[in-house]
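Undergrad: I'd like to ask you about the structure that follows.
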Amino acid sequence: MKTLLFLNGLDGWQTGIEDGFNYLQSQGAISDLKWFYFEEFAKKTSSKLCMLKMFEIANEFLPELIVFFHIGKFSIDKEFLVELKVLQSKPIIVYDEGDMYGTWAKPITPSMKILIKGADVISVRGFGKFYSSISKLNKNIIYTPNHVDIARFDKKTSTLISRKYPITFIGNRVKPRILSAIRRMPGAKGREKFVLALGKVFPKSFKLFGNGWGNFLGNQGPIDFQKQIDIIQESSITVDYEHYPNIPYFFSNRLPIALFSGTVYVCHYHQGFENIFRNCDFIFFFKSNNEAISIIKFLQSLDTIDLIERCKRARLFALANFTPEVVWKNFYYNILKLN
């Protein structure tokens with residue numbers, strides 16, 4: 001199946017998606033593959049010229065499958081989508097959205113609504129309000145979890161026995177917008193309280209990486225996205241407080257990256273995690289900061305061999321479930337089931 005990907009972000013930014021679909025082509029599932037970074041092109045020109053370019057590429061390539069990724073505020077119109085749908089190749093059109101929308105503070109954009117209504121399949125990372133909003137417009141919805149989108153930067157082939165960092169948190173502090181604390185990202189306030197609590201209880205062993213943390217205990221400053229894998233591989237215990245804590249089945253790419261890097265992982269509970277991570281002794285979920293602290297103290301009480309074996313199982317689980325090859329293969333075949 002000839003496949004065309006319309007990717008968001010800067011050119012070359014979506015390494016995981018590129019790797020996943022390249023794998024599908026290497027396995028013969030995709031006969032021919034092309035992608036175009038529409039967001040970067042639009043910033044250099046305009047949305048109107050970008051749509052013309054996207055149609056030009058599609059009309060020349062004649063794909064059987066077109067996938068849009070995170071359209072956000074990029075401006076498209078209904079006519080553009082109709083033109084794609086009536087191409088000679090009659091492509092299946094899919095919209096993959098990895099972010100969470102659907103609330104009054106973060107409403108579905110006009111372009112998103114056009115795609116949601118017009119696409120054959122919608123792919124999402126979680127359920128809850130966003131899923132409910134989409135299902136009113138389109139019933140063909142598939143679940144696609146976040147993947148290890150920096151797997152190509154993994155330089156180590158084995159799980160380290162000796163670790164530099166006892167407890168590590170990687171994530172940014174998302175501050176309120178000017179004059180509006182209401183529009184703050186869900187979970188941001190809880191993340192701050194979590195980080196404060198861990199810094200207080202583990203002042204010497206807790207290390208914090210990310211933007212905006214200022215004088216918080218353990219702050220090591222920001223790191224490049226691709227280099228976080230080096231930090232996590234040197235961490236005995238990796239902790240996190242996910243954004244969107246009330247969205248069932250949602251987790252950011254931080255979770256699969258941590259497991260892939262070979263570390264035990266402690267994060268805020270989301271409904272459905274007990275189904276995804278059933279019988280996994282390397283990942284732990286908390287519903288309060290006190291519970292998180294108790295989990296960390298339990299993990300610290302384990303002997304080194306036990307902890308490292310759990311870290312190895314974490315990596316094996318990620319390799320089996322969250323690499324780009326696995327996630328986008330499942331995405332592809334889930335689409336075929338609906339068409």
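Chain lettering (A, B, ...) mirrors the order of the structure tokens, residue numbering begins at 1 for each chain separately, and ligand numbering begins at 1 in order of display.
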Going by DSSP on the backbone, which residues of range 106-338 of chain A come out as alpha helix (DSSP H)? List them as a ChimeraX atom specification.
TA: /A:110-118,129-135,188-201,228-233,254-260,273-276,289-301,304-321,324-337
Undergrad: Next, write the just-selected residues to a file, as a PDB file, in the first residue's frame, keeping C-alpha atoms as the atom set.
TA:
```
ATOM      1  CA  PRO A 110     -11.555  24.167  13.177  1.00  0.00           C
ATOM      2  CA  SER A 111      -8.934  22.264  11.127  1.00  0.00           C
ATOM      3  CA  MET A 112      -9.080  19.336  13.535  1.00  0.00           C
ATOM      4  CA  LYS A 113     -12.869  19.243  13.222  1.00  0.00           C
ATOM      5  CA  ILE A 114     -12.627  19.134   9.430  1.00  0.00           C
ATOM      6  CA  LEU A 115     -10.221  16.215   9.601  1.00  0.00           C
ATOM      7  CA  ILE A 116     -12.099  14.368  12.325  1.00  0.00           C
ATOM      8  CA  LYS A 117     -15.338  14.553  10.333  1.00  0.00           C
ATOM      9  CA  GLY A 118     -13.733  13.757   6.984  1.00  0.00           C
ATOM     10  CA  LYS A 129     -13.224  13.914  27.155  1.00  0.00           C
ATOM     11  CA  PHE A 130     -11.194  14.083  23.920  1.00  0.00           C
ATOM     12  CA  TYR A 131     -12.343  10.615  22.889  1.00  0.00           C
ATOM     13  CA  SER A 132     -15.948  11.530  23.701  1.00  0.00           C
ATOM     14  CA  SER A 133     -15.711  14.719  21.637  1.00  0.00           C
ATOM     15  CA  ILE A 134     -14.270  12.839  18.662  1.00  0.00           C
ATOM     16  CA  SER A 135     -16.789  10.003  18.835  1.00  0.00           C
ATOM     17  CA  ALA A 188       1.031  20.909  36.076  1.00  0.00           C
ATOM     18  CA  LYS A 189       0.186  21.955  39.630  1.00  0.00           C
ATOM     19  CA  GLY A 190       0.237  18.342  40.820  1.00  0.00           C
ATOM     20  CA  ARG A 191       3.640  17.887  39.172  1.00  0.00           C
ATOM     21  CA  GLU A 192       5.049  20.844  41.130  1.00  0.00           C
ATOM     22  CA  LYS A 193       3.765  19.483  44.437  1.00  0.00           C
ATOM     23  CA  PHE A 194       5.186  16.060  43.577  1.00  0.00           C
ATOM     24  CA  VAL A 195       8.631  17.462  42.814  1.00  0.00           C
ATOM     25  CA  LEU A 196       8.609  19.554  46.001  1.00  0.00           C
ATOM     26  CA  ALA A 197       7.671  16.498  48.072  1.00  0.00           C
ATOM     27  CA  LEU A 198      10.429  14.317  46.616  1.00  0.00           C
ATOM     28  CA  GLY A 199      13.040  17.048  47.016  1.00  0.00           C
ATOM     29  CA  LYS A 200      12.085  17.366  50.678  1.00  0.00           C
ATOM     30  CA  VAL A 201      12.179  13.622  51.450  1.00  0.00           C
ATOM     31  CA  GLN A 228      17.462  12.141  28.099  1.00  0.00           C
ATOM     32  CA  ILE A 229      18.050   8.491  27.279  1.00  0.00           C
ATOM     33  CA  ASP A 230      21.626   8.833  28.610  1.00  0.00           C
ATOM     34  CA  ILE A 231      20.332  10.239  31.907  1.00  0.00           C
ATOM     35  CA  ILE A 232      17.678   7.577  32.349  1.00  0.00           C
ATOM     36  CA  GLN A 233      20.104   4.739  31.608  1.00  0.00           C
ATOM     37  CA  ARG A 254       8.478   9.641  28.722  1.00  0.00           C
ATOM     38  CA  LEU A 255       7.081   6.348  29.992  1.00  0.00           C
ATOM     39  CA  PRO A 256       8.127   4.117  27.063  1.00  0.00           C
ATOM     40  CA  ILE A 257      11.463   5.954  26.830  1.00  0.00           C
ATOM     41  CA  ALA A 258      12.147   5.203  30.511  1.00  0.00           C
ATOM     42  CA  LEU A 259      11.271   1.509  30.207  1.00  0.00           C
ATOM     43  CA  PHE A 260      13.264   1.214  26.988  1.00  0.00           C
ATOM     44  CA  PHE A 273      -2.747   1.234  33.406  1.00  0.00           C
ATOM     45  CA  GLU A 274      -3.524  -1.971  35.290  1.00  0.00           C
ATOM     46  CA  ASN A 275      -4.582  -3.504  31.960  1.00  0.00           C
ATOM     47  CA  ILE A 276      -1.637  -2.291  29.896  1.00  0.00           C
ATOM     48  CA  ASN A 289       2.637  11.841  46.852  1.00  0.00           C
ATOM     49  CA  ASN A 290       2.843   9.876  50.090  1.00  0.00           C
ATOM     50  CA  GLU A 291       2.156   6.689  48.160  1.00  0.00           C
ATOM     51  CA  ALA A 292       4.893   7.611  45.664  1.00  0.00           C
ATOM     52  CA  ILE A 293       7.374   8.135  48.493  1.00  0.00           C
ATOM     53  CA  SER A 294       6.474   4.746  49.973  1.00  0.00           C
ATOM     54  CA  ILE A 295       7.003   3.051  46.594  1.00  0.00           C
ATOM     55  CA  ILE A 296      10.405   4.702  46.162  1.00  0.00           C
ATOM     56  CA  LYS A 297      11.485   3.623  49.653  1.00  0.00           C
ATOM     57  CA  PHE A 298      10.403   0.054  48.847  1.00  0.00           C
ATOM     58  CA  LEU A 299      12.460   0.067  45.644  1.00  0.00           C
ATOM     59  CA  GLN A 300      15.450   1.438  47.537  1.00  0.00           C
ATOM     60  CA  SER A 301      15.175  -1.494  49.954  1.00  0.00           C
ATOM     61  CA  THR A 304      21.008  -4.530  43.528  1.00  0.00           C
ATOM     62  CA  ILE A 305      20.495  -7.804  41.664  1.00  0.00           C
ATOM     63  CA  ASP A 306      16.697  -7.671  42.115  1.00  0.00           C
ATOM     64  CA  LEU A 307      16.539  -4.045  40.980  1.00  0.00           C
ATOM     65  CA  ILE A 308      18.690  -4.642  37.898  1.00  0.00           C
ATOM     66  CA  GLU A 309      16.653  -7.689  36.882  1.00  0.00           C
ATOM     67  CA  ARG A 310      13.530  -5.538  37.038  1.00  0.00           C
ATOM     68  CA  CYS A 311      15.301  -2.936  34.884  1.00  0.00           C
ATOM     69  CA  LYS A 312      16.101  -5.629  32.310  1.00  0.00           C
ATOM     70  CA  ARG A 313      12.469  -6.723  32.233  1.00  0.00           C
ATOM     71  CA  ALA A 314      11.438  -3.088  31.746  1.00  0.00           C
ATOM     72  CA  ARG A 315      13.592  -2.832  28.638  1.00  0.00           C
ATOM     73  CA  LEU A 316      12.315  -6.146  27.250  1.00  0.00           C
ATOM     74  CA  PHE A 317       8.727  -4.993  27.780  1.00  0.00           C
ATOM     75  CA  ALA A 318       9.386  -1.745  25.918  1.00  0.00           C
ATOM     76  CA  LEU A 319      11.079  -3.613  23.067  1.00  0.00           C
ATOM     77  CA  ALA A 320       8.033  -5.862  22.770  1.00  0.00           C
ATOM     78  CA  ASN A 321       5.408  -3.114  23.002  1.00  0.00           C
ATOM     79  CA  PRO A 324       8.334   2.590  16.631  1.00  0.00           C
ATOM     80  CA  GLU A 325       8.318  -0.680  14.696  1.00  0.00           C
ATOM     81  CA  VAL A 326       5.750  -2.258  17.025  1.00  0.00           C
ATOM     82  CA  VAL A 327       3.496   0.762  17.612  1.00  0.00           C
ATOM     83  CA  TRP A 328       3.206   1.855  13.989  1.00  0.00           C
ATOM     84  CA  LYS A 329       2.808  -1.717  12.757  1.00  0.00           C
ATOM     85  CA  ASN A 330      -0.174  -2.084  15.108  1.00  0.00           C
ATOM     86  CA  PHE A 331      -1.453   1.331  13.977  1.00  0.00           C
ATOM     87  CA  TYR A 332      -1.261   0.237  10.331  1.00  0.00           C
ATOM     88  CA  TYR A 333      -3.066  -3.061  10.818  1.00  0.00           C
ATOM     89  CA  ASN A 334      -5.721  -1.491  13.036  1.00  0.00           C
ATOM     90  CA  ILE A 335      -6.504   0.843  10.142  1.00  0.00           C
ATOM     91  CA  LEU A 336      -6.812  -2.079   7.729  1.00  0.00           C
ATOM     92  CA  LYS A 337      -9.277  -3.779  10.083  1.00  0.00           C
TER      93      LYS A 337
END
```
Undergrad: For Thr15 in chain A, which residue out of A:Phe286, A:Phe206, A:Phe153, A:Tyr95 is the nearest one, using only C-alpha atoms?
TA: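 Looking at the shortest contact to Thr15 in chain A, the residue is A:Phe153.
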Undergrad: For Asn22 in chain A, list every protein, DNA or RNA residue within 12 Å, evaluated using only C-alpha atoms, and leave out those in the same chain fewer than 3 positions away; present the list as a count of residues only.
TA: 24
Undergrad: Could you name the residues that touch Gln220 in chain A at 12 Å or less, counting only C-alpha atoms, but leaving out those on the same chain fewer than 3 positions away, as a PDB file with C-alpha atoms, in the first residue's frame?
TA:
```pdb
ATOM      1  CA  TYR A 165      21.570   8.799  39.742  1.00  0.00           C
ATOM      2  CA  THR A 168      15.611  10.926  38.542  1.00  0.00           C
ATOM      3  CA  PHE A 169      12.773  13.105  37.284  1.00  0.00           C
ATOM      4  CA  ILE A 170      12.809  14.478  33.712  1.00  0.00           C
ATOM      5  CA  GLY A 171      10.132  16.965  32.738  1.00  0.00           C
ATOM      6  CA  ASN A 172       9.416  20.641  32.378  1.00  0.00           C
ATOM      7  CA  PHE A 206      16.683  13.230  43.967  1.00  0.00           C
ATOM      8  CA  LYS A 207      17.840  14.792  40.666  1.00  0.00           C
ATOM      9  CA  LEU A 208      15.575  16.984  38.568  1.00  0.00           C
ATOM     10  CA  PHE A 209      16.077  17.704  34.846  1.00  0.00           C
ATOM     11  CA  GLY A 210      13.974  20.121  32.804  1.00  0.00           C
ATOM     12  CA  ASN A 211      13.038  23.717  32.125  1.00  0.00           C
ATOM     13  CA  GLY A 212      11.599  26.174  34.631  1.00  0.00           C
ATOM     14  CA  TRP A 213      12.499  24.536  37.959  1.00  0.00           C
ATOM     15  CA  GLY A 214      14.650  27.380  39.303  1.00  0.00           C
ATOM     16  CA  ASN A 215      15.503  26.858  42.973  1.00  0.00           C
ATOM     17  CA  PHE A 216      13.704  23.523  43.358  1.00  0.00           C
ATOM     18  CA  LEU A 217      15.836  21.000  45.261  1.00  0.00           C
ATOM     19  CA  ILE A 223      18.706  18.621  28.787  1.00  0.00           C
ATOM     20  CA  ILE A 231      20.332  10.239  31.907  1.00  0.00           C
TER      21      ILE A 231
END
```
Undergrad: For Phe69 in chain A, which of A:Pro107, A:Pro222, A:Gly9, A:Gly128 is the closest residue, counting only C-alpha atoms?
TA: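 Closest to Phe69 in chain A, using only C-alpha atoms: A:Gly9.
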Undergrad: As a PyMOL selection string, please: the residues near Asn146 in chain A (cut-off 8 Å, only C-alpha atoms, same-chain neighbours under 6 positions excluded).
TA: chain A and resi 98+125+251-253+256+322+327
Undergrad: Any chance you could export the current selection's N, CA and C atoms as a compact mmCIF listing (two decimals), in the first residue's frame?
TA:
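This is the output file selection_0.txt:
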```txt
# COMPACT_ATOMS: atom_id res chain seq x y z
N GLY A 98 -1.84 13.08 18.84
CA GLY A 98 -1.17 12.65 20.05
C GLY A 98 -1.38 13.55 21.24
N ARG A 125 -4.32 8.88 21.67
CA ARG A 125 -3.44 8.32 22.70
C ARG A 125 -4.17 8.00 24.01
N PHE A 251 -0.44 8.06 28.38
CA PHE A 251 0.88 8.34 28.93
C PHE A 251 1.71 9.00 27.85
N SER A 252 2.62 9.87 28.28
CA SER A 252 3.47 10.58 27.33
C SER A 252 4.58 9.65 26.85
N ASN A 253 5.42 10.16 25.94
CA ASN A 253 6.53 9.33 25.46
C ASN A 253 7.58 9.09 26.53
N PRO A 256 7.43 5.14 27.85
CA PRO A 256 8.13 4.12 27.06
C PRO A 256 9.62 4.37 26.93
N PHE A 322 6.63 -1.00 22.69
CA PHE A 322 6.63 0.45 22.49
C PHE A 322 7.67 0.99 21.51
N VAL A 327 4.66 -0.14 17.49
CA VAL A 327 3.50 0.76 17.61
C VAL A 327 2.90 1.10 16.25
```
Undergrad: Based on DSSP run over this structure's backbone, return all residues of range 44-265 of chain A in strand (DSSP E), as a count of residues only.
TA: 36
Undergrad: Using 12 Å as the limit and counting only C-alpha atoms, can you tabulate each residue of range 108-191 of chain A that touches range 261-264 of chain A, with its shortest atom-to-atom distance in Å and the two atoms involved, as CSV?
TA:
```
residue,atom,partner,partner_atom,distance
A:Val148,CA,A:Ser261,CA,9.5
A:Ile150,CA,A:Ser261,CA,10.3
A:Ala151,CA,A:Ser261,CA,9.1
A:Arg152,CA,A:Ser261,CA,12.0
A:Phe153,CA,A:Ser261,CA,10.7
A:Asp154,CA,A:Ser261,CA,8.0
A:Lys155,CA,A:Ser261,CA,10.2
A:Lys156,CA,A:Ser261,CA,8.9
A:Thr157,CA,A:Ser261,CA,9.7
A:Ser158,CA,A:Gly262,CA,8.4
A:Thr159,CA,A:Gly262,CA,5.7
A:Leu160,CA,A:Gly262,CA,8.0
A:Ile161,CA,A:Gly262,CA,10.2
A:Ser162,CA,A:Thr263,CA,11.9
A:Arg163,CA,A:Thr263,CA,10.0
A:Tyr165,CA,A:Thr263,CA,11.0
A:Pro166,CA,A:Thr263,CA,10.7
A:Ile167,CA,A:Val264,CA,10.1
A:Thr168,CA,A:Thr263,CA,10.1
A:Phe169,CA,A:Thr263,CA,12.0
```
Undergrad: Convert the current residue selection to file output with N, CA and C atoms, as a compact mmCIF listing (two decimals), in the first residue's frame.
TA:
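Saved result, out.txt, follows:
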```
# COMPACT_ATOMS: atom_id res chain seq x y z
N VAL A 148 8.64 4.88 21.74
CA VAL A 148 10.01 5.32 22.04
C VAL A 148 10.52 6.07 20.81
N ILE A 150 12.84 8.14 20.41
CA ILE A 150 14.27 8.44 20.31
C ILE A 150 15.09 7.15 20.35
N ALA A 151 14.47 6.05 19.91
CA ALA A 151 15.15 4.75 19.95
C ALA A 151 16.43 4.76 19.13
N ARG A 152 16.47 5.52 18.05
CA ARG A 152 17.66 5.53 17.19
C ARG A 152 18.87 6.17 17.88
N PHE A 153 18.63 6.83 19.03
CA PHE A 153 19.73 7.47 19.75
C PHE A 153 20.28 6.58 20.87
N ASP A 154 19.75 5.36 20.98
CA ASP A 154 20.20 4.43 22.02
C ASP A 154 21.59 3.92 21.67
N LYS A 155 22.57 4.27 22.50
CA LYS A 155 23.96 3.90 22.21
C LYS A 155 24.43 2.68 23.01
N LYS A 156 23.65 2.28 24.03
CA LYS A 156 24.06 1.17 24.88
C LYS A 156 23.18 -0.05 24.58
N THR A 157 23.79 -1.22 24.57
CA THR A 157 23.07 -2.43 24.21
C THR A 157 22.66 -3.26 25.43
N SER A 158 23.13 -2.89 26.61
CA SER A 158 22.79 -3.67 27.80
C SER A 158 22.40 -2.74 28.94
N THR A 159 21.70 -3.29 29.92
CA THR A 159 21.28 -2.52 31.09
C THR A 159 22.46 -2.34 32.03
N LEU A 160 22.72 -1.10 32.42
CA LEU A 160 23.86 -0.81 33.29
C LEU A 160 23.61 -1.34 34.70
N ILE A 161 24.66 -1.87 35.30
CA ILE A 161 24.56 -2.35 36.68
C ILE A 161 24.83 -1.22 37.66
N SER A 162 25.87 -0.45 37.40
CA SER A 162 26.20 0.70 38.24
C SER A 162 25.50 1.94 37.70
N ARG A 163 24.78 2.67 38.58
CA ARG A 163 24.00 3.83 38.15
C ARG A 163 24.49 5.09 38.87
N TYR A 165 22.65 8.05 39.09
CA TYR A 165 21.57 8.80 39.74
C TYR A 165 20.62 7.84 40.48
N PRO A 166 20.44 8.02 41.80
CA PRO A 166 19.52 7.16 42.55
C PRO A 166 18.05 7.35 42.15
N ILE A 167 17.62 8.62 42.08
CA ILE A 167 16.23 8.94 41.72
C ILE A 167 16.24 10.10 40.72
N THR A 168 15.58 9.91 39.59
CA THR A 168 15.61 10.93 38.54
C THR A 168 14.20 11.30 38.08
N PHE A 169 14.00 12.59 37.89
CA PHE A 169 12.77 13.11 37.28
C PHE A 169 13.18 13.94 36.07
```
